[in-house]
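Engineer: What follows is the file model-v5.cif, containing mmCIF, C-alpha atoms and all ligand atoms:
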```
data_run
#
loop_
_atom_site.label_atom_id
_atom_site.label_comp_id
_atom_site.auth_asym_id
_atom_site.auth_seq_id
_atom_site.Cartn_x
_atom_site.Cartn_y
_atom_site.Cartn_z
CA MET A 1 4.95 -37.81 -60.11
CA LEU A 2 3.63 -35.39 -57.52
CA LYS A 3 5.93 -32.40 -56.97
CA ALA A 4 3.68 -29.75 -55.44
CA VAL A 5 0.54 -29.41 -53.34
CA LEU A 6 -1.65 -26.30 -53.62
CA TRP A 7 -4.02 -25.51 -50.77
CA ASP A 8 -7.27 -23.63 -50.92
CA VAL A 9 -7.77 -21.47 -47.80
CA ASP A 10 -11.39 -20.80 -46.79
CA GLY A 11 -13.09 -24.06 -45.84
CA THR A 12 -10.00 -26.18 -46.57
CA LEU A 13 -7.12 -24.93 -44.40
CA ALA A 14 -9.60 -23.65 -41.82
CA GLU A 15 -13.39 -23.35 -41.41
CA THR A 16 -13.32 -19.59 -41.82
CA GLU A 17 -16.69 -18.92 -43.43
CA ARG A 18 -19.37 -19.34 -40.71
CA ASP A 19 -17.34 -18.16 -37.72
CA GLY A 20 -15.11 -15.70 -39.59
CA HIS A 21 -16.31 -14.05 -42.80
CA LEU A 22 -20.04 -14.33 -42.00
CA VAL A 23 -19.62 -12.92 -38.48
CA ALA A 24 -17.47 -10.09 -39.85
CA PHE A 25 -19.97 -9.24 -42.62
CA ASN A 26 -22.79 -8.99 -40.06
CA GLN A 27 -20.61 -6.89 -37.73
CA ALA A 28 -19.81 -4.58 -40.65
CA PHE A 29 -23.52 -4.16 -41.48
CA GLU A 30 -24.15 -3.32 -37.84
CA GLU A 31 -21.23 -0.88 -37.48
CA LEU A 32 -22.37 0.98 -40.59
CA ALA A 33 -25.95 1.07 -39.28
CA LEU A 34 -27.18 -0.93 -42.27
CA PRO A 35 -30.36 -2.97 -41.84
CA TRP A 36 -29.08 -6.24 -43.35
CA ARG A 37 -28.03 -9.40 -41.50
CA TRP A 38 -27.21 -12.71 -43.16
CA SER A 39 -28.30 -15.94 -41.51
CA GLN A 40 -26.02 -18.97 -41.65
CA ALA A 41 -28.37 -20.52 -44.20
CA ARG A 42 -28.48 -17.40 -46.40
CA TYR A 43 -24.68 -17.16 -46.30
CA GLY A 44 -24.52 -20.79 -47.46
CA GLU A 45 -26.57 -19.84 -50.53
CA LEU A 46 -24.42 -16.78 -51.15
CA LEU A 47 -21.21 -18.84 -50.97
CA HIS A 48 -21.98 -20.04 -54.46
CA VAL A 49 -20.71 -16.60 -55.51
CA SER A 50 -16.91 -16.68 -55.13
CA GLY A 51 -15.23 -13.72 -53.45
CA GLY A 52 -16.59 -11.67 -50.58
CA ARG A 53 -16.94 -8.44 -52.58
CA GLU A 54 -18.71 -10.20 -55.43
CA ARG A 55 -20.96 -12.06 -52.94
CA LEU A 56 -21.98 -8.82 -51.29
CA ALA A 57 -22.59 -7.05 -54.61
CA HIS A 58 -24.74 -9.99 -55.72
CA ASP A 59 -26.87 -9.83 -52.57
CA LEU A 60 -27.31 -6.05 -52.62
CA GLN A 61 -28.72 -6.22 -56.15
CA SER A 62 -31.86 -7.78 -54.69
CA GLN A 63 -31.97 -5.86 -51.37
CA PRO A 64 -34.88 -3.38 -51.66
CA SER A 65 -33.18 -1.01 -49.18
CA ALA A 66 -29.82 -0.94 -51.05
CA PRO A 67 -28.99 2.13 -53.19
CA ARG A 68 -30.58 1.90 -56.63
CA ASP A 69 -27.81 3.90 -58.27
CA SER A 70 -25.15 1.37 -59.34
CA ALA A 71 -22.14 3.65 -58.63
CA GLU A 72 -23.50 4.41 -55.18
CA ARG A 73 -24.13 0.73 -54.56
CA ALA A 74 -20.60 -0.19 -55.73
CA ALA A 75 -19.10 2.39 -53.36
CA LEU A 76 -21.11 0.96 -50.49
CA VAL A 77 -19.98 -2.57 -51.37
CA GLU A 78 -16.34 -1.39 -51.23
CA ARG A 79 -16.87 0.27 -47.87
CA ILE A 80 -18.60 -2.73 -46.30
CA HIS A 81 -16.08 -5.19 -47.73
CA ARG A 82 -13.07 -3.18 -46.47
CA LEU A 83 -14.58 -3.01 -42.99
CA LYS A 84 -15.53 -6.71 -43.13
CA ASN A 85 -11.90 -7.61 -43.80
CA GLU A 86 -10.68 -5.48 -40.88
CA LEU A 87 -13.20 -7.19 -38.60
CA TYR A 88 -12.30 -10.61 -40.02
CA ALA A 89 -8.63 -10.00 -39.23
CA ARG A 90 -9.55 -9.05 -35.66
CA ILE A 91 -11.33 -12.41 -35.29
CA VAL A 92 -8.60 -14.59 -36.78
CA VAL A 93 -5.59 -12.95 -35.10
CA THR A 94 -6.96 -14.19 -31.78
CA GLY A 95 -6.42 -17.74 -33.06
CA ALA A 96 -10.18 -18.37 -32.90
CA LEU A 97 -10.21 -20.22 -36.24
CA PRO A 98 -7.79 -23.14 -36.01
CA LEU A 99 -6.41 -25.13 -38.92
CA ARG A 100 -8.60 -28.11 -39.75
CA GLY A 101 -7.59 -31.52 -38.42
CA GLY A 102 -4.67 -33.14 -40.22
CA VAL A 103 -3.67 -29.95 -42.09
CA ALA A 104 -0.62 -29.00 -40.01
CA GLU A 105 0.70 -32.57 -40.09
CA LEU A 106 0.28 -32.87 -43.85
CA LEU A 107 1.95 -29.51 -44.43
CA GLN A 108 4.90 -30.67 -42.36
CA GLU A 109 5.12 -33.99 -44.21
CA CYS A 110 5.11 -32.17 -47.57
CA ARG A 111 7.91 -29.94 -46.37
CA GLN A 112 9.99 -32.86 -45.10
CA ALA A 113 9.49 -34.66 -48.41
CA LYS A 114 10.71 -31.49 -50.22
CA LEU A 115 7.46 -31.10 -52.13
CA GLN A 116 6.61 -27.55 -53.12
CA ILE A 117 3.69 -26.11 -51.16
CA GLY A 118 1.43 -23.28 -52.24
CA ILE A 119 -1.73 -21.35 -51.50
CA ALA A 120 -4.36 -20.79 -54.20
CA THR A 121 -7.20 -18.67 -52.88
CA THR A 122 -9.75 -16.09 -53.95
CA THR A 123 -9.38 -14.17 -50.69
CA SER A 124 -6.88 -11.35 -50.08
CA GLU A 125 -3.26 -11.59 -48.95
CA ALA A 126 -4.11 -9.67 -45.78
CA ASN A 127 -6.77 -12.23 -44.83
CA VAL A 128 -4.40 -15.14 -45.48
CA ALA A 129 -1.63 -13.44 -43.48
CA ALA A 130 -3.96 -12.78 -40.54
CA LEU A 131 -5.14 -16.40 -40.46
CA LEU A 132 -1.82 -18.14 -41.04
CA GLY A 133 0.19 -15.71 -38.92
CA ALA A 134 -2.03 -16.71 -36.00
CA GLN A 135 -1.89 -20.44 -36.79
CA LEU A 136 1.64 -21.00 -38.10
CA GLY A 137 3.48 -18.07 -36.51
CA ALA A 138 5.03 -14.85 -37.78
CA ASP A 139 7.20 -16.69 -40.33
CA TRP A 140 4.21 -18.55 -41.85
CA ARG A 141 5.17 -17.32 -45.35
CA ALA A 142 8.36 -19.42 -45.26
CA THR A 143 6.22 -22.59 -45.32
CA PHE A 144 4.98 -21.79 -48.83
CA ASP A 145 6.79 -21.68 -52.16
CA VAL A 146 3.99 -19.62 -53.66
CA VAL A 147 0.99 -17.71 -52.28
CA VAL A 148 -1.55 -16.69 -54.92
CA CYS A 149 -4.44 -14.52 -53.72
CA ALA A 150 -7.10 -12.20 -55.16
CA GLU A 151 -4.48 -9.52 -55.84
CA GLN A 152 -2.56 -11.73 -58.31
CA ALA A 153 -5.62 -13.58 -59.64
CA PRO A 154 -8.60 -11.19 -59.70
CA ARG A 155 -10.72 -13.58 -61.79
CA LYS A 156 -12.29 -15.65 -59.04
CA LYS A 157 -12.75 -19.44 -58.97
CA PRO A 158 -14.16 -21.30 -60.95
CA ASP A 159 -11.92 -19.33 -63.30
CA PRO A 160 -8.59 -21.24 -63.41
CA GLN A 161 -6.48 -18.05 -63.20
CA VAL A 162 -5.33 -18.61 -59.60
CA TYR A 163 -4.11 -22.13 -60.41
CA GLN A 164 -2.53 -21.13 -63.72
CA TYR A 165 -0.60 -18.39 -61.93
CA ALA A 166 0.60 -20.87 -59.28
CA LEU A 167 1.73 -23.39 -61.93
CA ARG A 168 3.79 -20.70 -63.67
CA ALA A 169 5.32 -19.50 -60.40
CA LEU A 170 6.31 -23.05 -59.40
CA HIS A 171 7.50 -23.97 -62.95
CA ARG A 172 5.26 -27.02 -62.85
CA ALA A 173 2.89 -28.77 -65.26
CA GLY A 174 -0.63 -29.62 -64.09
CA HIS A 175 0.05 -33.36 -63.74
CA GLU A 176 2.85 -32.68 -61.20
CA VAL A 177 0.53 -30.81 -58.84
CA LEU A 178 -2.35 -31.66 -56.51
CA ALA A 179 -4.96 -29.13 -55.36
CA ILE A 180 -6.79 -29.57 -52.05
CA GLU A 181 -10.22 -27.95 -52.17
CA ASP A 182 -13.61 -28.02 -50.46
CA ALA A 183 -15.98 -26.19 -52.81
CA PRO A 184 -17.26 -26.97 -56.32
CA ALA A 185 -15.93 -23.66 -57.71
CA GLY A 186 -12.44 -24.52 -56.44
CA VAL A 187 -12.59 -28.02 -57.90
CA ALA A 188 -13.67 -26.58 -61.26
CA ALA A 189 -10.86 -23.99 -61.18
CA ALA A 190 -8.15 -26.58 -60.51
CA ARG A 191 -9.49 -29.03 -63.10
CA ALA A 192 -9.67 -26.28 -65.72
CA ALA A 193 -5.96 -25.68 -65.08
CA GLY A 194 -5.23 -29.40 -65.61
CA ILE A 195 -4.61 -30.10 -61.92
CA ALA A 196 -5.94 -33.16 -60.04
CA VAL A 197 -7.99 -32.37 -56.93
CA LEU A 198 -8.46 -33.89 -53.50
CA VAL A 199 -11.80 -32.80 -52.00
CA VAL A 200 -12.12 -32.36 -48.23
CA ARG A 201 -15.76 -31.62 -47.52
CA SER A 202 -16.46 -28.62 -45.30
CA LEU A 203 -19.24 -27.15 -43.21
CA TYR A 204 -20.85 -25.32 -46.11
CA PHE A 205 -20.10 -27.94 -48.76
CA PRO A 206 -20.85 -31.20 -46.89
CA ASP A 207 -22.22 -33.19 -49.81
CA GLY A 208 -23.05 -33.10 -53.50
CA ALA A 209 -21.63 -35.16 -56.32
CA VAL A 210 -17.94 -34.72 -57.18
CA ASP A 211 -17.08 -36.54 -60.40
CA ASP A 212 -13.58 -35.53 -61.01
CA ALA A 213 -11.52 -35.81 -57.81
CA ILE A 214 -8.68 -38.20 -56.92
CA ALA A 215 -10.52 -38.78 -53.63
CA VAL A 216 -13.32 -37.26 -51.56
CA GLY A 217 -13.57 -37.32 -47.77
CA SER A 218 -14.73 -35.29 -44.82
CA SER A 219 -11.48 -34.75 -42.91
CA LEU A 220 -7.71 -35.10 -43.34
CA ALA A 221 -7.64 -36.14 -39.68
CA ARG A 222 -9.39 -39.45 -40.40
CA THR A 223 -9.15 -42.28 -42.90
CA GLU A 224 -12.82 -43.28 -42.47
CA GLY A 225 -15.29 -42.50 -45.19
CA TRP A 226 -12.89 -41.57 -47.98
CA GLN A 227 -13.76 -42.57 -51.53
CA PRO A 228 -11.76 -44.34 -52.84
CA PRO A 229 -11.02 -45.89 -49.44
CA ALA A 230 -7.83 -44.85 -47.68
CA GLN A 231 -5.31 -47.61 -47.02
CA ASP A 232 -4.10 -46.67 -43.53
CA ARG A 233 -5.50 -47.91 -40.19
CA PRO A 234 -8.96 -46.54 -39.33
CA ASP A 235 -7.55 -44.43 -36.47
CA SER A 236 -4.93 -42.83 -38.70
CA ARG A 237 -4.95 -39.47 -40.47
CA ILE A 238 -4.43 -38.95 -44.20
CA HIS A 239 -0.69 -39.15 -44.83
CA LEU A 240 1.34 -37.87 -47.77
CA ARG A 241 1.91 -41.49 -48.93
CA GLN A 242 -1.88 -41.76 -49.36
CA LEU A 243 -1.99 -38.59 -51.49
CA LEU A 244 0.88 -39.92 -53.64
CA ASP A 245 -0.96 -43.21 -54.11
CA TRP A 246 -4.33 -41.64 -55.00
CA HIS A 247 -2.64 -39.13 -57.32
CA ARG A 248 -0.68 -41.83 -59.19
CA ARG A 249 -3.70 -44.13 -59.52
CA TRP A 250 -5.87 -41.30 -60.81
CA TRP A 251 -3.42 -40.35 -63.55
CA ASP A 252 -2.80 -44.05 -64.42
CA ALA A 253 -6.55 -44.60 -64.78
CA ARG A 254 -6.78 -41.64 -67.16
CA ALA A 255 -3.81 -42.88 -69.19
CA ASN A 256 -5.38 -46.36 -69.43
CA HIS A 257 -8.70 -44.85 -70.45
CA ARG A 258 -7.00 -42.80 -73.20
CA GLY A 259 -5.19 -45.97 -74.31
CA SER A 260 -8.39 -48.01 -74.53
CA VAL A 261 -10.23 -45.21 -76.42
CA SER A 262 -7.44 -44.92 -79.03
CA ARG A 263 -7.14 -48.69 -79.53
C1 LIG B 301 -13.41 -18.45 -50.51
C2 LIG B 301 -14.09 -17.22 -50.78
C3 LIG B 301 -13.64 -16.00 -50.14
C4 LIG B 301 -14.14 -15.72 -48.73
C5 LIG B 301 -14.22 -14.25 -48.49
O1 LIG B 301 -12.06 -18.36 -50.90
O2 LIG B 301 -14.99 -17.20 -51.62
O3 LIG B 301 -14.11 -15.03 -50.99
O4 LIG B 301 -15.45 -16.22 -48.52
O5 LIG B 301 -13.02 -13.63 -48.75
P1 LIG B 301 -11.15 -19.72 -51.11
P2 LIG B 301 -12.94 -12.14 -49.35
O6 LIG B 301 -12.05 -20.90 -50.85
O7 LIG B 301 -10.70 -19.66 -52.55
O8 LIG B 301 -10.00 -19.63 -50.15
O9 LIG B 301 -14.03 -11.34 -48.72
O10 LIG B 301 -11.57 -11.67 -48.99
O11 LIG B 301 -13.14 -12.27 -50.84
#
```
Would you mind giving the structure from this file in structure tokens?
Structural biologist:
Amino acid sequence: MLKAVLWDVDGTLAETERDGHLVAFNQAFEELALPWRWSQARYGELLHVSGGRERLAHDLQSQPSAPRDSAERAALVERIHRLKNELYARIVVTGALPLRGGVAELLQECRQAKLQIGIATTTSEANVAALLGAQLGADWRATFDVVVCAEQAPRKKPDPQVYQYALRALHRAGHEVLAIEDAPAGVAAARAAGIAVLVVRSLYFPDGAVDDAIAVGSSLARTEGWQPPAQDRPDSRIHLRQLLDWHRRWWDARANHRGSVSR
């Protein structure tokens, strides 16, 4: 039985990458008089490296104009990343990056149903606070039973650390929890922690095979296009009852499969 829902942040709660982190990275390069700029397409490639600091370090390894000395390069990465996060906060506190469709409603339904709600993200607490403070108000933290960020789980997705930490904090087993994710690394992290995953496709992860999700769709604001199909009217959003149904069916199917293998 589902007892808790864990939300990924970037790409899932809000489309923060293209209009938030990418813009802030490019502003940081500019402010520091560095010659690099990332295009939207290049940033999409770099998103396969989880974590902004790690992403930047990865890119600078192949930038001919980056410092060759690794300590010098690491110090520059720190400096750029710190400034990027300041600039990112300036963007999100204006409310420029809204929650994705259907997110606020589903959060409220989970709360009313007394399900535990958590955040499981590779980004920092400050970035989450800036985003959710602007979208949910100054008491945003009260919505969540647990908030696990890069500070508590430094091993980035696809490492399951962030989800394992959340399970311990909520005193839950994997089968009682559902993760909502957009990116393959997030799906892998949740599955490695024994948690079922709902995939909501995002701007930077619009397609690609997902084998191991309870359902895959493009928006929580619509029932169209979900696989397996959603039960509600076509003009409806994804409700909690739909998550409960998909979650139960997914675990039942696995139990049946185990039963038929052992027979
Ligand atoms: C997605 C990420 C993050 C952001 C940048 O996090 O990979 O690293 O792109 O954030 P998630 P930082 O999907 O787990 O929410 O620069 O703070 O790392």
Engineer: Rounded to one decimal place, report the atom CA of Trp36 of chain A-atom CA of Ala185 of chain A distance in Å.
Structural biologist: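 Atom-to-atom, atom CA of Trp36 of chain A to atom CA of Ala185 of chain A, that is 26.1 Å.
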Engineer: Got a sec to check which residues lie within 8 Å of ligand LIG 301 (chain B), using only C-alpha atoms and all ligand atoms, and send them as a PyMOL selection string?
Structural biologist: chain A and resi 8-12+16-17+21+47+49-55+81+84-85+120-124+127+150+156-157+181-183+186
Engineer: Taking into account all atoms listed in the file, which residue in the set A:Ala190, A:Gln242, A:Arg42, A:Ala215 is nearest to Val177 of chain A?
Structural biologist: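 Of all the options, A:Ala190 lies closest to Val177 of chain A.
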Engineer: Excluding segment 95-112 of chain A and any residue of its chain fewer than 3 positions from it, enumerate the residues within 7 Å of it, using all atoms listed in the file, and give them as a VMD selection string.
Structural biologist: chain A and resid 13 to 16 91 to 92 115 134 to 135 219 to 221 237 239 to 240
Engineer: For Phe29 of chain A, work out the shell of residues within 12 Å, counting all atoms listed in the file and skipping chain neighbours fewer than 2 positions away, then give it as a PyMOL selection string.
Structural biologist: chain A and resi 22-27+31-38+56+60+66+76-77+79-84+87
Engineer: Could the residues in this selection be written to a file with C-alpha atoms, as a PDB file, in the coordinates of the input?
Structural biologist:
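As written to disk, part27.pdb reads:
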```pdb
ATOM      1  CA  LEU A  22     -20.040 -14.330 -42.000  1.00  0.00           C
ATOM      2  CA  VAL A  23     -19.620 -12.920 -38.480  1.00  0.00           C
ATOM      3  CA  ALA A  24     -17.470 -10.090 -39.850  1.00  0.00           C
ATOM      4  CA  PHE A  25     -19.970  -9.240 -42.620  1.00  0.00           C
ATOM      5  CA  ASN A  26     -22.790  -8.990 -40.060  1.00  0.00           C
ATOM      6  CA  GLN A  27     -20.610  -6.890 -37.730  1.00  0.00           C
ATOM      7  CA  GLU A  31     -21.230  -0.880 -37.480  1.00  0.00           C
ATOM      8  CA  LEU A  32     -22.370   0.980 -40.590  1.00  0.00           C
ATOM      9  CA  ALA A  33     -25.950   1.070 -39.280  1.00  0.00           C
ATOM     10  CA  LEU A  34     -27.180  -0.930 -42.270  1.00  0.00           C
ATOM     11  CA  PRO A  35     -30.360  -2.970 -41.840  1.00  0.00           C
ATOM     12  CA  TRP A  36     -29.080  -6.240 -43.350  1.00  0.00           C
ATOM     13  CA  ARG A  37     -28.030  -9.400 -41.500  1.00  0.00           C
ATOM     14  CA  TRP A  38     -27.210 -12.710 -43.160  1.00  0.00           C
ATOM     15  CA  LEU A  56     -21.980  -8.820 -51.290  1.00  0.00           C
ATOM     16  CA  LEU A  60     -27.310  -6.050 -52.620  1.00  0.00           C
ATOM     17  CA  ALA A  66     -29.820  -0.940 -51.050  1.00  0.00           C
ATOM     18  CA  LEU A  76     -21.110   0.960 -50.490  1.00  0.00           C
ATOM     19  CA  VAL A  77     -19.980  -2.570 -51.370  1.00  0.00           C
ATOM     20  CA  ARG A  79     -16.870   0.270 -47.870  1.00  0.00           C
ATOM     21  CA  ILE A  80     -18.600  -2.730 -46.300  1.00  0.00           C
ATOM     22  CA  HIS A  81     -16.080  -5.190 -47.730  1.00  0.00           C
ATOM     23  CA  ARG A  82     -13.070  -3.180 -46.470  1.00  0.00           C
ATOM     24  CA  LEU A  83     -14.580  -3.010 -42.990  1.00  0.00           C
ATOM     25  CA  LYS A  84     -15.530  -6.710 -43.130  1.00  0.00           C
ATOM     26  CA  LEU A  87     -13.200  -7.190 -38.600  1.00  0.00           C
TER      27      LEU A  87
END
```
Engineer: Where's the centre, and what are the edge lengths in Å to one decimal, of a box along x, y and z enclosing all listed atoms of segment 60-66 of chain A padded 6 Å per side, as AutoDock Vina command-line options?
Structural biologist:
```
--center_x -31.1 --center_y -4.4 --center_z -52.7 --size_x 19.6 --size_y 18.8 --size_z 19.0
```
Engineer: Just to confirm, what's the straight-line distance from atom CA of Ala173 of chain A to atom CA of Asp145 of chain A in Å (one decimal)?
Structural biologist: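 We find that atom CA of Ala173 of chain A and atom CA of Asp145 of chain A lie 15.4 Å from each other.
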Engineer: Model the absent atoms of segment 78-94 of chain A so that N, CA, C and O atoms are present, and write the result as a PDB file, in the coordinates of the input.
Structural biologist:
```
ATOM      1  N   GLU A  78     -17.775  -1.552 -51.559  1.00  0.00           N
ATOM      2  CA  GLU A  78     -16.340  -1.390 -51.230  1.00  0.00           C
ATOM      3  C   GLU A  78     -16.162  -1.088 -49.751  1.00  0.00           C
ATOM      4  O   GLU A  78     -15.290  -1.637 -49.086  1.00  0.00           O
ATOM      5  N   ARG A  79     -16.979  -0.187 -49.258  1.00  0.00           N
ATOM      6  CA  ARG A  79     -16.870   0.270 -47.870  1.00  0.00           C
ATOM      7  C   ARG A  79     -17.161  -0.888 -46.908  1.00  0.00           C
ATOM      8  O   ARG A  79     -16.423  -1.122 -45.950  1.00  0.00           O
ATOM      9  N   ILE A  80     -18.237  -1.605 -47.176  1.00  0.00           N
ATOM     10  CA  ILE A  80     -18.600  -2.730 -46.300  1.00  0.00           C
ATOM     11  C   ILE A  80     -17.507  -3.809 -46.354  1.00  0.00           C
ATOM     12  O   ILE A  80     -17.090  -4.335 -45.329  1.00  0.00           O
ATOM     13  N   HIS A  81     -17.043  -4.094 -47.572  1.00  0.00           N
ATOM     14  CA  HIS A  81     -16.080  -5.190 -47.730  1.00  0.00           C
ATOM     15  C   HIS A  81     -14.754  -4.854 -47.040  1.00  0.00           C
ATOM     16  O   HIS A  81     -14.139  -5.725 -46.402  1.00  0.00           O
ATOM     17  N   ARG A  82     -14.319  -3.601 -47.139  1.00  0.00           N
ATOM     18  CA  ARG A  82     -13.070  -3.180 -46.470  1.00  0.00           C
ATOM     19  C   ARG A  82     -13.213  -3.361 -44.953  1.00  0.00           C
ATOM     20  O   ARG A  82     -12.347  -3.919 -44.294  1.00  0.00           O
ATOM     21  N   LEU A  83     -14.347  -2.891 -44.433  1.00  0.00           N
ATOM     22  CA  LEU A  83     -14.580  -3.010 -42.990  1.00  0.00           C
ATOM     23  C   LEU A  83     -14.704  -4.490 -42.588  1.00  0.00           C
ATOM     24  O   LEU A  83     -14.161  -4.911 -41.560  1.00  0.00           O
ATOM     25  N   LYS A  84     -15.406  -5.262 -43.414  1.00  0.00           N
ATOM     26  CA  LYS A  84     -15.530  -6.710 -43.130  1.00  0.00           C
ATOM     27  C   LYS A  84     -14.156  -7.335 -42.975  1.00  0.00           C
ATOM     28  O   LYS A  84     -13.915  -8.134 -42.052  1.00  0.00           O
ATOM     29  N   ASN A  85     -13.234  -6.996 -43.869  1.00  0.00           N
ATOM     30  CA  ASN A  85     -11.900  -7.610 -43.800  1.00  0.00           C
ATOM     31  C   ASN A  85     -11.131  -7.169 -42.548  1.00  0.00           C
ATOM     32  O   ASN A  85     -10.401  -7.970 -41.960  1.00  0.00           O
ATOM     33  N   GLU A  86     -11.316  -5.924 -42.137  1.00  0.00           N
ATOM     34  CA  GLU A  86     -10.680  -5.480 -40.880  1.00  0.00           C
ATOM     35  C   GLU A  86     -11.232  -6.296 -39.701  1.00  0.00           C
ATOM     36  O   GLU A  86     -10.488  -6.739 -38.833  1.00  0.00           O
ATOM     37  N   LEU A  87     -12.557  -6.466 -39.699  1.00  0.00           N
ATOM     38  CA  LEU A  87     -13.200  -7.190 -38.600  1.00  0.00           C
ATOM     39  C   LEU A  87     -12.836  -8.681 -38.637  1.00  0.00           C
ATOM     40  O   LEU A  87     -12.635  -9.313 -37.601  1.00  0.00           O
ATOM     41  N   TYR A  88     -12.713  -9.201 -39.855  1.00  0.00           N
ATOM     42  CA  TYR A  88     -12.300 -10.610 -40.020  1.00  0.00           C
ATOM     43  C   TYR A  88     -10.903 -10.804 -39.429  1.00  0.00           C
ATOM     44  O   TYR A  88     -10.649 -11.756 -38.687  1.00  0.00           O
ATOM     45  N   ALA A  89     -10.001  -9.882 -39.744  1.00  0.00           N
ATOM     46  CA  ALA A  89      -8.630 -10.000 -39.230  1.00  0.00           C
ATOM     47  C   ALA A  89      -8.634  -9.968 -37.705  1.00  0.00           C
ATOM     48  O   ALA A  89      -7.894 -10.731 -37.068  1.00  0.00           O
ATOM     49  N   ARG A  90      -9.488  -9.123 -37.134  1.00  0.00           N
ATOM     50  CA  ARG A  90      -9.550  -9.050 -35.660  1.00  0.00           C
ATOM     51  C   ARG A  90      -9.990 -10.393 -35.074  1.00  0.00           C
ATOM     52  O   ARG A  90      -9.564 -10.774 -33.992  1.00  0.00           O
ATOM     53  N   ILE A  91     -10.882 -11.096 -35.780  1.00  0.00           N
ATOM     54  CA  ILE A  91     -11.330 -12.410 -35.290  1.00  0.00           C
ATOM     55  C   ILE A  91     -10.198 -13.426 -35.401  1.00  0.00           C
ATOM     56  O   ILE A  91      -9.877 -14.122 -34.443  1.00  0.00           O
ATOM     57  N   VAL A  92      -9.554 -13.485 -36.566  1.00  0.00           N
ATOM     58  CA  VAL A  92      -8.600 -14.590 -36.780  1.00  0.00           C
ATOM     59  C   VAL A  92      -7.279 -14.387 -36.041  1.00  0.00           C
ATOM     60  O   VAL A  92      -6.641 -15.362 -35.671  1.00  0.00           O
ATOM     61  N   VAL A  93      -6.874 -13.134 -35.806  1.00  0.00           N
ATOM     62  CA  VAL A  93      -5.590 -12.950 -35.100  1.00  0.00           C
ATOM     63  C   VAL A  93      -5.645 -13.473 -33.662  1.00  0.00           C
ATOM     64  O   VAL A  93      -4.611 -13.753 -33.071  1.00  0.00           O
ATOM     65  N   THR A  94      -6.845 -13.630 -33.136  1.00  0.00           N
ATOM     66  CA  THR A  94      -6.960 -14.190 -31.780  1.00  0.00           C
ATOM     67  C   THR A  94      -6.701 -15.699 -31.786  1.00  0.00           C
ATOM     68  O   THR A  94      -6.631 -16.313 -30.720  1.00  0.00           O
TER      69      THR A  94
END
```
